[in-house]
$ cat query_10.cif   # mmCIF, C-alpha atoms and all ligand atoms
data_data
#
loop_
_atom_site.label_atom_id
_atom_site.label_comp_id
_atom_site.auth_asym_id
_atom_site.auth_seq_id
_atom_site.Cartn_x
_atom_site.Cartn_y
_atom_site.Cartn_z
CA MET Z 1 -4.31 -9.87 -13.94
CA THR Z 2 -4.61 -13.10 -15.89
CA GLY Z 3 -4.85 -16.65 -14.56
CA THR Z 4 -1.41 -17.30 -16.05
CA GLU Z 5 0.12 -14.60 -13.87
CA PHE Z 6 -1.36 -16.07 -10.68
CA LYS Z 7 -0.12 -19.50 -11.75
CA ARG Z 8 3.36 -18.12 -12.41
CA ARG Z 9 3.43 -16.65 -8.89
CA ARG Z 10 2.41 -19.98 -7.35
CA ARG Z 11 5.16 -21.69 -9.37
CA GLN Z 12 7.73 -19.15 -8.14
CA LEU Z 13 6.66 -19.75 -4.55
CA MET Z 14 6.80 -23.53 -5.03
CA ARG Z 15 10.36 -23.23 -6.31
CA MET Z 16 11.33 -21.26 -3.22
CA MET Z 17 9.63 -23.77 -0.90
CA GLY Z 18 11.14 -26.98 -2.27
CA ALA Z 19 9.90 -30.53 -1.75
CA ASP Z 20 8.16 -31.91 1.38
CA SER Z 21 6.71 -28.48 2.10
CA ILE Z 22 3.22 -27.09 2.53
CA ALA Z 23 2.06 -23.47 2.43
CA ILE Z 24 -1.20 -22.48 4.11
CA LEU Z 25 -2.68 -19.08 3.44
CA PRO Z 26 -6.09 -17.74 4.55
CA SER Z 27 -7.90 -14.83 2.98
CA ALA Z 28 -8.99 -11.89 5.14
CA PRO Z 29 -11.94 -12.27 7.51
CA ILE Z 30 -15.08 -10.26 6.83
CA ALA Z 31 -14.93 -7.04 8.89
CA ARG Z 32 -18.05 -5.99 10.78
CA ARG Z 33 -18.92 -2.30 10.52
CA ASN Z 34 -21.88 -2.28 12.88
CA ARG Z 35 -24.61 -4.73 13.92
CA ASP Z 36 -25.41 -6.70 10.73
CA VAL Z 37 -23.58 -4.41 8.30
CA ASP Z 38 -20.14 -5.42 7.02
CA TYR Z 39 -17.45 -3.32 5.35
CA PRO Z 40 -17.14 -3.99 1.61
CA TYR Z 41 -15.02 -7.14 1.40
CA ARG Z 42 -11.35 -6.75 0.46
CA PRO Z 43 -9.31 -9.99 0.17
CA ASP Z 44 -5.98 -10.23 1.93
CA SER Z 45 -3.27 -9.00 -0.46
CA ASP Z 46 -0.95 -12.00 0.03
CA PHE Z 47 -3.82 -14.42 -0.53
CA TYR Z 48 -5.10 -12.59 -3.60
CA TYR Z 49 -1.58 -12.24 -5.02
CA LEU Z 50 -1.31 -16.03 -5.24
CA THR Z 51 -4.90 -16.99 -6.02
CA GLY Z 52 -6.83 -14.15 -7.69
CA PHE Z 53 -9.74 -15.50 -5.63
CA PRO Z 54 -11.98 -12.66 -4.43
CA GLU Z 55 -14.36 -14.45 -2.03
CA PRO Z 56 -14.12 -14.49 1.77
CA GLU Z 57 -13.87 -17.70 3.84
CA ALA Z 58 -11.16 -19.30 1.76
CA VAL Z 59 -7.83 -20.98 2.52
CA ALA Z 60 -5.22 -21.76 -0.14
CA VAL Z 61 -2.94 -24.76 0.33
CA ILE Z 62 0.13 -25.28 -1.81
CA ILE Z 63 2.11 -28.52 -1.75
CA PRO Z 64 4.91 -28.56 -4.36
CA GLY Z 65 5.25 -31.93 -6.08
CA ARG Z 66 2.10 -33.46 -4.53
CA ARG Z 67 0.78 -35.96 -7.05
CA GLN Z 68 -2.98 -35.59 -6.55
CA ALA Z 69 -3.02 -31.77 -6.45
CA GLU Z 70 -0.35 -29.14 -5.80
CA TYR Z 71 -2.78 -26.26 -5.34
CA VAL Z 72 -5.88 -26.90 -3.23
CA LEU Z 73 -8.42 -24.19 -2.53
CA PHE Z 74 -10.83 -24.51 0.38
CA CYS Z 75 -13.79 -22.19 -0.19
CA ARG Z 76 -17.52 -21.77 0.36
CA GLU Z 77 -19.89 -24.26 -1.21
CA ARG Z 78 -22.53 -23.17 -3.68
CA ASP Z 79 -25.75 -22.29 -1.84
CA PRO Z 80 -28.71 -21.09 -3.95
CA GLU Z 81 -30.47 -19.57 -0.93
CA LYS Z 82 -27.45 -17.50 0.17
CA GLU Z 83 -26.46 -16.66 -3.39
CA LEU Z 84 -29.92 -15.18 -3.87
CA TRP Z 85 -29.06 -12.58 -1.22
CA ASP Z 86 -25.33 -12.06 -1.60
CA GLY Z 87 -24.46 -13.02 -5.15
CA ALA Z 88 -22.84 -15.96 -6.89
CA ARG Z 89 -20.14 -18.13 -5.32
CA ALA Z 90 -17.52 -19.98 -7.30
CA GLY Z 91 -17.97 -23.17 -5.30
CA GLN Z 92 -15.62 -26.11 -5.74
CA GLY Z 93 -16.25 -26.33 -9.51
CA GLY Z 94 -15.51 -22.65 -10.07
CA ALA Z 95 -12.39 -22.80 -7.86
CA CYS Z 96 -10.90 -25.38 -10.25
CA GLU Z 97 -12.30 -24.19 -13.57
CA ARG Z 98 -12.06 -20.42 -13.15
CA TYR Z 99 -9.33 -19.96 -10.55
CA GLY Z 100 -6.91 -22.71 -11.53
CA ALA Z 101 -7.06 -24.85 -8.37
CA ASP Z 102 -6.04 -28.49 -8.92
CA ASP Z 103 -8.60 -29.52 -6.33
CA SER Z 104 -11.10 -27.79 -4.07
CA PHE Z 105 -13.01 -28.68 -0.90
CA PRO Z 106 -15.71 -26.92 1.14
CA ILE Z 107 -14.18 -24.59 3.73
CA GLY Z 108 -16.15 -26.50 6.42
CA ASP Z 109 -13.99 -29.59 5.72
CA LEU Z 110 -10.71 -27.86 6.60
CA ASP Z 111 -10.35 -29.52 10.03
CA ASP Z 112 -10.88 -32.97 8.51
CA ILE Z 113 -8.65 -32.67 5.47
CA LEU Z 114 -5.81 -30.27 6.25
CA PRO Z 115 -4.21 -32.21 9.18
CA ARG Z 116 -3.75 -35.20 6.86
CA MET Z 117 -1.98 -33.00 4.34
CA LEU Z 118 0.13 -31.44 7.10
CA GLU Z 119 1.34 -34.72 8.56
CA GLN Z 120 2.92 -35.70 5.26
CA CYS Z 121 5.12 -32.60 5.10
CA GLU Z 122 8.35 -31.66 6.85
CA ARG Z 123 8.19 -27.92 6.44
CA VAL Z 124 5.19 -25.63 6.99
CA PHE Z 125 5.13 -22.18 5.39
CA TYR Z 126 2.65 -20.13 7.37
CA ALA Z 127 2.36 -16.49 8.51
CA MET Z 128 1.89 -16.96 12.25
CA GLY Z 129 0.23 -14.09 14.14
CA CYS Z 130 -1.83 -12.70 11.25
CA ASN Z 131 -5.03 -14.70 11.68
CA PRO Z 132 -5.78 -15.64 15.33
CA ASP Z 133 -8.52 -18.13 14.39
CA LEU Z 134 -6.31 -20.08 11.99
CA ASP Z 135 -3.30 -19.81 14.36
CA LYS Z 136 -5.37 -21.59 17.01
CA ARG Z 137 -6.54 -24.28 14.63
CA MET Z 138 -3.01 -24.75 13.31
CA SER Z 139 -1.73 -25.39 16.82
CA GLU Z 140 -4.59 -27.89 17.41
CA TRP Z 141 -3.76 -29.70 14.15
CA ILE Z 142 -0.09 -29.90 15.09
CA SER Z 143 -0.91 -31.16 18.62
CA GLY Z 144 -3.16 -33.78 17.03
CA ILE Z 145 -0.33 -34.93 14.76
CA ARG Z 146 2.15 -35.06 17.68
CA ALA Z 147 -0.31 -37.17 19.67
CA LYS Z 148 -0.08 -39.75 16.92
CA GLY Z 149 3.71 -39.95 17.36
CA ARG Z 150 3.65 -43.44 18.82
CA ALA Z 151 1.69 -44.63 15.81
CA GLY Z 152 4.68 -43.63 13.70
CA VAL Z 153 3.37 -40.30 12.39
CA GLN Z 154 6.15 -37.76 12.50
CA GLY Z 155 4.65 -34.58 11.04
CA PRO Z 156 6.34 -31.26 10.31
CA MET Z 157 9.75 -30.45 11.80
CA GLU Z 158 10.11 -26.87 10.66
CA PHE Z 159 7.95 -23.73 10.53
CA VAL Z 160 8.86 -21.00 8.08
CA ALA Z 161 7.47 -17.45 7.80
CA LEU Z 162 5.50 -17.58 4.54
CA ASP Z 163 4.96 -13.82 4.56
CA HIS Z 164 8.69 -13.20 4.27
CA TYR Z 165 8.92 -15.27 1.06
CA LEU Z 166 5.76 -13.85 -0.46
CA HIS Z 167 6.79 -10.30 0.31
CA GLU Z 168 10.06 -10.78 -1.54
CA LEU Z 169 8.03 -11.82 -4.59
CA ARG Z 170 5.57 -8.96 -4.22
CA LEU Z 171 8.36 -6.39 -4.00
CA TYR Z 172 9.27 -6.98 -7.66
CA LYS Z 173 6.40 -5.93 -9.89
CA SER Z 174 5.80 -7.55 -13.26
CA ARG Z 175 5.02 -5.55 -16.37
CA SER Z 176 1.30 -6.20 -15.95
CA GLU Z 177 1.39 -5.06 -12.32
CA ILE Z 178 3.10 -1.79 -13.31
CA LYS Z 179 0.47 -1.35 -16.01
CA VAL Z 180 -2.35 -1.62 -13.45
CA MET Z 181 -0.51 0.73 -11.08
CA ARG Z 182 -0.02 3.27 -13.86
CA ASN Z 183 -3.73 3.12 -14.55
CA ALA Z 184 -4.56 3.65 -10.85
CA ALA Z 185 -2.14 6.60 -10.72
CA ARG Z 186 -3.65 8.09 -13.89
CA ILE Z 187 -7.20 7.91 -12.48
CA SER Z 188 -6.03 9.47 -9.19
CA ALA Z 189 -4.06 12.19 -11.01
CA ARG Z 190 -7.18 13.13 -12.96
CA ALA Z 191 -9.18 13.25 -9.72
CA HIS Z 192 -6.54 15.54 -8.15
CA LYS Z 193 -6.66 17.83 -11.17
CA HIS Z 194 -10.44 17.97 -10.88
CA ALA Z 195 -10.22 18.75 -7.13
CA MET Z 196 -7.72 21.56 -7.82
CA GLN Z 197 -10.16 23.07 -10.26
CA CYS Z 198 -13.10 22.82 -7.84
CA CYS Z 199 -11.26 24.27 -4.86
CA ARG Z 200 -12.57 27.63 -3.57
CA PRO Z 201 -12.50 29.47 -0.23
CA GLY Z 202 -15.65 28.58 1.72
CA MET Z 203 -15.77 25.01 0.44
CA THR Z 204 -15.23 22.30 3.01
CA GLU Z 205 -12.61 19.58 3.25
CA TRP Z 206 -15.26 16.86 2.98
CA GLN Z 207 -16.64 18.39 -0.21
CA LEU Z 208 -13.23 18.11 -1.87
CA GLU Z 209 -12.97 14.55 -0.57
CA ALA Z 210 -16.30 13.87 -2.27
CA GLU Z 211 -15.00 15.33 -5.55
CA ILE Z 212 -11.95 13.06 -5.45
CA VAL Z 213 -13.97 9.93 -4.61
CA HIS Z 214 -16.57 10.77 -7.26
CA SER Z 215 -13.98 11.33 -9.95
CA CYS Z 216 -12.22 8.01 -9.22
CA ALA Z 217 -15.46 6.05 -8.88
CA THR Z 218 -16.79 7.40 -12.16
CA ALA Z 219 -13.60 6.16 -13.82
CA GLY Z 220 -14.25 2.68 -12.41
CA ALA Z 221 -12.13 2.89 -9.23
CA ARG Z 222 -14.80 2.54 -6.53
CA HIS Z 223 -12.37 2.17 -3.66
CA GLN Z 224 -9.67 4.44 -2.35
CA ALA Z 225 -6.43 2.74 -1.30
CA TYR Z 226 -6.66 4.60 2.06
CA PRO Z 227 -8.94 7.29 3.48
CA PRO Z 228 -8.22 10.62 1.72
CA ILE Z 229 -6.38 13.24 3.75
CA VAL Z 230 -7.86 16.65 3.01
CA GLY Z 231 -6.33 19.22 5.33
CA GLY Z 232 -6.60 23.00 5.00
CA GLY Z 233 -4.30 25.38 6.94
CA ALA Z 234 -2.92 23.87 10.16
CA ASN Z 235 -4.74 20.57 9.50
CA ALA Z 236 -2.07 19.90 6.87
CA CYS Z 237 0.44 19.50 9.70
CA VAL Z 238 -1.44 16.43 11.05
CA LEU Z 239 0.18 13.74 8.93
CA HIS Z 240 -2.75 11.34 8.76
CA TYR Z 241 -5.60 13.86 9.19
CA ILE Z 242 -8.75 12.15 7.91
CA GLU Z 243 -11.53 13.97 9.77
CA ASN Z 244 -11.83 16.30 6.76
CA ARG Z 245 -14.42 18.38 8.62
CA ASP Z 246 -13.28 22.02 8.36
CA GLU Z 247 -13.94 24.88 6.02
CA LEU Z 248 -11.23 25.87 3.53
CA ARG Z 249 -10.16 29.41 4.19
CA ASN Z 250 -8.91 32.17 1.91
CA GLY Z 251 -5.15 32.63 2.16
CA GLU Z 252 -4.43 29.10 3.43
CA LEU Z 253 -2.90 26.10 1.72
CA LEU Z 254 -4.68 22.81 1.21
CA LEU Z 255 -2.87 19.47 1.43
CA LEU Z 256 -4.73 16.70 -0.37
CA ASP Z 257 -3.37 13.14 -0.18
CA ALA Z 258 -5.55 10.60 -1.98
CA GLY Z 259 -5.15 7.60 -4.25
CA CYS Z 260 -7.55 5.04 -5.62
CA GLU Z 261 -7.19 1.28 -5.83
CA VAL Z 262 -7.54 -0.49 -9.19
CA ASP Z 263 -7.69 -4.30 -9.34
CA TYR Z 264 -6.28 -4.34 -5.79
CA TYR Z 265 -3.29 -2.10 -6.62
CA ALA Z 266 -2.83 1.24 -4.89
CA SER Z 267 -1.90 4.70 -5.99
CA ASP Z 268 -0.84 7.37 -3.50
CA ILE Z 269 -0.61 11.01 -4.58
CA THR Z 270 -0.36 14.28 -2.64
CA ARG Z 271 -0.63 17.80 -3.89
CA THR Z 272 -0.57 21.02 -1.87
CA TYR Z 273 -1.99 24.25 -3.28
CA PRO Z 274 -3.48 27.58 -2.25
CA VAL Z 275 -7.21 27.46 -1.49
CA ASN Z 276 -7.71 30.69 -3.45
CA GLY Z 277 -5.48 29.70 -6.36
CA ARG Z 278 -2.53 32.05 -5.59
CA PHE Z 279 0.53 31.24 -3.46
CA THR Z 280 1.69 33.94 -1.03
CA PRO Z 281 5.48 34.53 -1.14
CA PRO Z 282 6.22 32.55 2.10
CA GLN Z 283 3.97 29.69 0.96
CA GLN Z 284 5.69 29.66 -2.42
CA ALA Z 285 9.17 29.70 -0.87
CA LEU Z 286 8.39 26.65 1.26
CA TYR Z 287 6.57 24.94 -1.60
CA GLU Z 288 9.50 25.36 -3.96
CA LEU Z 289 11.79 23.91 -1.34
CA VAL Z 290 9.66 20.76 -1.06
CA LEU Z 291 9.47 20.55 -4.84
CA ARG Z 292 13.28 20.76 -5.15
CA ALA Z 293 13.60 18.08 -2.49
CA GLN Z 294 11.19 15.85 -4.40
CA GLU Z 295 13.06 16.36 -7.68
CA ALA Z 296 16.36 15.54 -5.99
CA ALA Z 297 14.84 12.42 -4.44
CA ILE Z 298 13.19 11.20 -7.65
CA SER Z 299 16.48 11.53 -9.54
CA LYS Z 300 17.96 8.98 -7.09
CA VAL Z 301 15.38 6.32 -7.89
CA ARG Z 302 17.51 4.09 -10.10
CA PRO Z 303 18.87 0.55 -10.00
CA GLY Z 304 22.02 0.24 -7.92
CA ASN Z 305 21.16 3.12 -5.60
CA HIS Z 306 20.07 2.29 -2.08
CA TRP Z 307 16.56 2.64 -0.69
CA ASN Z 308 17.92 5.40 1.55
CA HIS Z 309 19.42 7.54 -1.25
CA PRO Z 310 16.22 9.40 -2.21
CA HIS Z 311 15.59 10.17 1.47
CA LEU Z 312 19.13 11.48 2.03
CA ALA Z 313 18.82 13.68 -1.06
CA ALA Z 314 15.53 15.15 0.20
CA VAL Z 315 16.93 15.70 3.70
CA ARG Z 316 19.92 17.61 2.30
CA VAL Z 317 17.78 19.94 0.17
CA ILE Z 318 15.24 20.53 2.95
CA THR Z 319 17.83 21.20 5.66
CA LYS Z 320 19.74 23.68 3.54
CA GLY Z 321 16.51 25.36 2.43
CA LEU Z 322 15.24 25.71 5.98
CA VAL Z 323 18.52 27.38 6.95
CA ASP Z 324 18.26 29.77 3.99
CA LEU Z 325 14.73 30.70 5.09
CA GLY Z 326 15.84 31.30 8.70
CA ILE Z 327 13.69 28.48 10.07
CA LEU Z 328 16.70 26.35 11.09
CA LYS Z 329 19.89 27.88 12.44
CA GLY Z 330 23.34 26.35 12.24
CA ARG Z 331 25.64 24.55 9.83
CA VAL Z 332 23.92 22.24 7.37
CA PRO Z 333 26.15 19.13 7.91
CA SER Z 334 25.76 19.24 11.69
CA LEU Z 335 22.01 19.96 11.46
CA ILE Z 336 21.72 16.85 9.27
CA LYS Z 337 23.85 14.82 11.67
CA LYS Z 338 21.76 15.93 14.65
CA GLU Z 339 18.59 15.29 12.62
CA SER Z 340 17.38 18.83 13.48
CA TYR Z 341 15.25 18.78 10.32
CA LYS Z 342 12.99 16.22 12.02
CA ARG Z 343 11.13 19.02 13.81
CA PHE Z 344 9.80 20.00 10.38
CA TYR Z 345 10.25 16.84 8.33
CA MET Z 346 9.50 13.89 10.57
CA HIS Z 347 8.59 11.14 8.11
CA ARG Z 348 10.52 9.18 5.51
CA THR Z 349 10.63 10.23 1.86
CA GLY Z 350 8.57 7.26 0.75
CA HIS Z 351 7.54 3.65 1.05
CA TRP Z 352 7.07 0.65 -1.22
CA LEU Z 353 3.83 0.81 -3.19
CA GLY Z 354 1.83 -2.11 -4.59
CA MET Z 355 -1.23 -4.07 -3.55
CA ASP Z 356 -1.01 -2.34 -0.18
CA VAL Z 357 -0.43 1.39 -0.06
CA HIS Z 358 2.41 0.88 2.41
CA ASP Z 359 3.47 -2.20 0.54
CA VAL Z 360 5.43 -5.19 1.74
CA GLY Z 361 9.14 -5.88 1.31
CA GLU Z 362 12.10 -5.42 3.61
CA TYR Z 363 13.73 -1.97 3.58
CA GLU Z 364 16.97 -3.37 4.96
CA VAL Z 365 18.83 -6.55 4.11
CA ASP Z 366 21.62 -7.78 6.40
CA GLY Z 367 21.65 -4.43 8.17
CA HIS Z 368 22.08 -2.44 4.94
CA SER Z 369 19.59 -0.23 3.15
CA ARG Z 370 18.13 -2.26 0.29
CA VAL Z 371 19.54 -1.82 -3.21
CA LEU Z 372 16.91 -0.52 -5.65
CA ASP Z 373 16.23 -2.81 -8.56
CA ARG Z 374 14.07 -2.91 -11.67
CA GLY Z 375 10.40 -3.63 -10.94
CA MET Z 376 10.31 -2.06 -7.49
CA ALA Z 377 7.77 0.72 -7.00
CA LEU Z 378 7.77 3.39 -4.33
CA THR Z 379 6.38 6.77 -3.43
CA VAL Z 380 8.54 9.88 -3.26
CA GLU Z 381 6.88 12.26 -0.82
CA PRO Z 382 8.98 14.82 1.01
CA GLY Z 383 7.19 17.38 3.12
CA ILE Z 384 7.65 20.30 5.47
CA TYR Z 385 5.32 20.91 8.41
CA ILE Z 386 5.85 24.10 10.38
CA PRO Z 387 4.26 24.17 13.84
CA ASN Z 388 2.79 27.25 15.46
CA LYS Z 389 5.82 28.05 17.65
CA ARG Z 390 7.05 31.47 18.72
CA ASN Z 391 10.66 30.94 17.68
CA ILE Z 392 9.63 30.46 14.03
CA PRO Z 393 9.09 33.44 11.70
CA LYS Z 394 5.33 34.14 11.81
CA ALA Z 395 4.81 33.99 8.06
CA PHE Z 396 5.72 30.28 7.99
CA ARG Z 397 3.71 29.04 10.97
CA ASN Z 398 0.94 26.45 10.50
CA ILE Z 399 1.97 25.60 6.95
CA GLY Z 400 2.06 21.94 5.95
CA ILE Z 401 3.26 20.93 2.48
CA ARG Z 402 3.78 17.49 0.96
CA ILE Z 403 4.27 16.56 -2.69
CA GLU Z 404 3.90 12.86 -3.41
CA ASP Z 405 4.25 10.85 -6.61
CA ASP Z 406 4.46 7.16 -7.46
CA VAL Z 407 7.65 5.96 -9.11
CA ALA Z 408 8.75 2.65 -10.62
CA VAL Z 409 12.43 1.71 -10.78
CA THR Z 410 13.50 0.97 -14.36
CA SER Z 411 16.84 0.47 -16.08
CA LYS Z 412 16.22 3.78 -17.86
CA GLY Z 413 15.79 5.63 -14.55
CA PRO Z 414 12.75 6.76 -12.57
CA ASP Z 415 9.39 6.11 -14.22
CA VAL Z 416 6.91 8.50 -12.58
CA LEU Z 417 3.59 6.67 -12.78
CA SER Z 418 1.65 9.72 -11.63
CA LYS Z 419 3.29 12.16 -14.02
CA GLY Z 420 1.19 14.70 -15.82
CA LEU Z 421 -0.34 16.18 -12.68
CA ALA Z 422 0.83 19.77 -12.16
CA ARG Z 423 3.54 20.32 -9.55
CA ASP Z 424 5.14 23.65 -10.49
CA PRO Z 425 3.55 26.58 -8.64
CA ASP Z 426 2.98 28.44 -11.94
CA LYS Z 427 1.27 25.46 -13.50
CA ILE Z 428 -0.89 24.89 -10.43
CA GLU Z 429 -1.96 28.54 -10.39
CA ALA Z 430 -2.71 28.48 -14.12
CA LEU Z 431 -4.76 25.29 -13.74
CA MET Z 432 -6.75 26.68 -10.82
CA GLN Z 433 -7.43 29.94 -12.59
CA SER Z 434 -8.49 28.24 -15.79
CA ALA Z 435 -11.38 26.56 -13.96
N1 LIG P 501 -1.25 8.30 2.37
C1 LIG P 501 -0.30 7.90 3.32
C2 LIG P 501 1.06 8.08 2.80
O1 LIG P 501 1.30 8.95 2.00
O2 LIG P 501 1.94 7.35 3.12
MN MN P 502 2.57 7.65 0.73
MN MN P 503 -0.05 9.63 0.55
#
$ encode --input "query_10.cif" --output "structure tokens"
Amino acid sequence: MTGTEFKRRRRQLMRMMGADSIAILPSAPIARRNRDVDYPYRPDSDFYYLTGFPEPEAVAVIIPGRRQAEYVLFCRERDPEKELWDGARAGQGGACERYGADDSFPIGDLDDILPRMLEQCERVFYAMGCNPDLDKRMSEWISGIRAKGRAGVQGPMEFVALDHYLHELRLYKSRSEIKVMRNAARISARAHKHAMQCCRPGMTEWQLEAEIVHSCATAGARHQAYPPIVGGGANACVLHYIENRDELRNGELLLLDAGCEVDYYASDITRTYPVNGRFTPPQQALYELVLRAQEAAISKVRPGNHWNHPHLAAVRVITKGLVDLGILKGRVPSLIKKESYKRFYMHRTGHWLGMDVHDVGEYEVDGHSRVLDRGMALTVEPGIYIPNKRNIPKAFRNIGIRIEDDVAVTSKGPDVLSKGLARDPDKIEALMQSA
């Protein structure tokens, strides 16, 4: 993402905020893994979306129309001793020259400088409840300003949820964002293809996880957007199974849900296939049902349709299919009305996708399912998960299947970012046997 794109986003936000406003936005805190070891640092998505600034301990302040500086970045000072251990810091010079800040101050000066900026504004855009440390300081700054009331300082009158505004912006992806997402999906698709070709009975779930991570990392995507879900047999019925600790057994299916992150944008792909490379007839019947549901859902991803349309399409196909297979009993319309399919299909058909795997953006506006529009990106991921219950035909028990792809909404219809990765049972079998 270029500096121009970050600047354009800040401009868009400033237009939404209007005059006499201030936005305050911290990056994510460093997360401790154990004792003196931290997790690899990942900036907060909202913060990074506006700043492109990758360092921890930073706060962005945006004041539209402020004469001295509209965009002020508080960040760490240069420190040769610390930089020797942990790498270079941008410092105040770098914040302005490389990251487009109009002005920059050391993060340690926040308590001195920010209250004076706050007291000159009427409206504060801030995501309360996301950063307890900054919430506390914010309330101290505001109390301090109120205490000066008799001296004629009025301070802010209105608090506005900044996250709501930013998430509306983030919901609509630019061409360069879609390009990065397509690249992430392409790297993940290649990793899935590689995992399919490695898969053998007797391998373990964690070994396939390692193949996926290795393939993505070698292509430059060091981080996964979420922990891979690698579930053989009944483990596939645990929706967010990440233990990945069992052996893959002959005759069972494997559900593999993994997607890498590229330049802080996620991909999210699931494939389900036979561990030994050949579907049994009951596995194939259920698989084809999920595939038909996914095709029906993807065809509904177009501008003007509602967010709920792909889900309704998938629910219709799955309910009818489960009746045909004798897993559900009754009339399709009433089974849909009673949501009887939820015993076997308990999640939604997708979610927004972007900098976060379950990306931001409201799914409903004014009580109505959101209308899909160009630039939105979502996953389409129907599934069927059959528990081990006596009243279900034995051949179908303990099977979990999900097929998940990443789709952008365009005026020409659905643009499947993860296309090219086999989905048809025949193609999957051919791919696995060619290995
Ligand atoms: N990987 C989690 C999901 O598919 O939503
Ligand atoms: Mn997903
Ligand atoms: Mn997924």
$ closest_residue --input "query_10.cif" --among "Z:Ala258, Z:Leu322, Z:Met346, Z:Leu417" --to "ligand MN 503 (chain P)" --atoms "all atoms listed in the file"
Z:Ala258
$ closest_residue --input "query_10.cif" --among "Z:Tyr172, Z:Phe125, Z:Trp85, Z:Tyr265" --to "Ala408 of chain Z" --atoms "only C-alpha atoms"
Z:Tyr172
$ closest_residue --input "query_10.cif" --among "Z:Gln68, Z:Ser418, Z:Gln120, Z:Ser27" --to "His192 of chain Z" --atoms "all atoms listed in the file"
Z:Ser418
$ residues_near_ligand --input "query_10.cif" --ligand "ligand LIG 501 (chain P)" --cutoff "7 Å" --atoms "all atoms listed in the file" --output "PyMOL selection string"
chain Z and resi 226+240+257-258+268+358
$ atom_distance --input "query_10.cif" --atom1 "atom CA of Pro26 of chain Z" --atom2 "atom CA of Leu353 of chain Z"
22.4 Å
$ closest_atom_pairs --input "query_10.cif" --of "chain Z" --to "ligand MN 503 (chain P)" --cutoff "10 Å" --atoms "all atoms listed in the file" --output "JSON lines"
{"residue": "Z:Ala225", "atom": "CA", "partner": "P:MN503", "partner_atom": "MN", "distance": 9.6}
{"residue": "Z:Tyr226", "atom": "CA", "partner": "P:MN503", "partner_atom": "MN", "distance": 8.4}
{"residue": "Z:Pro227", "atom": "CA", "partner": "P:MN503", "partner_atom": "MN", "distance": 9.6}
{"residue": "Z:Pro228", "atom": "CA", "partner": "P:MN503", "partner_atom": "MN", "distance": 8.3}
{"residue": "Z:Ile229", "atom": "CA", "partner": "P:MN503", "partner_atom": "MN", "distance": 8.0}
{"residue": "Z:Leu239", "atom": "CA", "partner": "P:MN503", "partner_atom": "MN", "distance": 9.3}
{"residue": "Z:His240", "atom": "CA", "partner": "P:MN503", "partner_atom": "MN", "distance": 8.8}
{"residue": "Z:Leu256", "atom": "CA", "partner": "P:MN503", "partner_atom": "MN", "distance": 8.5}
{"residue": "Z:Asp257", "atom": "CA", "partner": "P:MN503", "partner_atom": "MN", "distance": 4.9}
{"residue": "Z:Ala258", "atom": "CA", "partner": "P:MN503", "partner_atom": "MN", "distance": 6.1}
{"residue": "Z:Gly259", "atom": "CA", "partner": "P:MN503", "partner_atom": "MN", "distance": 7.3}
{"residue": "Z:Ser267", "atom": "CA", "partner": "P:MN503", "partner_atom": "MN", "distance": 8.4}
{"residue": "Z:Asp268", "atom": "CA", "partner": "P:MN503", "partner_atom": "MN", "distance": 4.7}
{"residue": "Z:Ile269", "atom": "CA", "partner": "P:MN503", "partner_atom": "MN", "distance": 5.3}
{"residue": "Z:Thr270", "atom": "CA", "partner": "P:MN503", "partner_atom": "MN", "distance": 5.6}
{"residue": "Z:Arg271", "atom": "CA", "partner": "P:MN503", "partner_atom": "MN", "distance": 9.3}
{"residue": "Z:Gly350", "atom": "CA", "partner": "P:MN503", "partner_atom": "MN", "distance": 8.9}
{"residue": "Z:His351", "atom": "CA", "partner": "P:MN503", "partner_atom": "MN", "distance": 9.7}
{"residue": "Z:Val357", "atom": "CA", "partner": "P:MN503", "partner_atom": "MN", "distance": 8.3}
{"residue": "Z:His358", "atom": "CA", "partner": "P:MN503", "partner_atom": "MN", "distance": 9.3}
{"residue": "Z:Thr379", "atom": "CA", "partner": "P:MN503", "partner_atom": "MN", "distance": 8.1}
{"residue": "Z:Val380", "atom": "CA", "partner": "P:MN503", "partner_atom": "MN", "distance": 9.4}
{"residue": "Z:Glu381", "atom": "CA", "partner": "P:MN503", "partner_atom": "MN", "distance": 7.5}
{"residue": "Z:Arg402", "atom": "CA", "partner": "P:MN503", "partner_atom": "MN", "distance": 8.8}
{"residue": "Z:Ile403", "atom": "CA", "partner": "P:MN503", "partner_atom": "MN", "distance": 8.8}
{"residue": "Z:Glu404", "atom": "CA", "partner": "P:MN503", "partner_atom": "MN", "distance": 6.5}
{"residue": "Z:Asp405", "atom": "CA", "partner": "P:MN503", "partner_atom": "MN", "distance": 8.4}
{"residue": "Z:Asp406", "atom": "CA", "partner": "P:MN503", "partner_atom": "MN", "distance": 9.5}
$ residues_around --input "query_10.cif" --residues "Leu114 of chain Z" --least-positions-apart "4" --cutoff "9 Å" --atoms "only C-alpha atoms" --output "list in words"
Val61, Asp109, Leu110, Leu118, Glu119 and Trp141 of chain Z
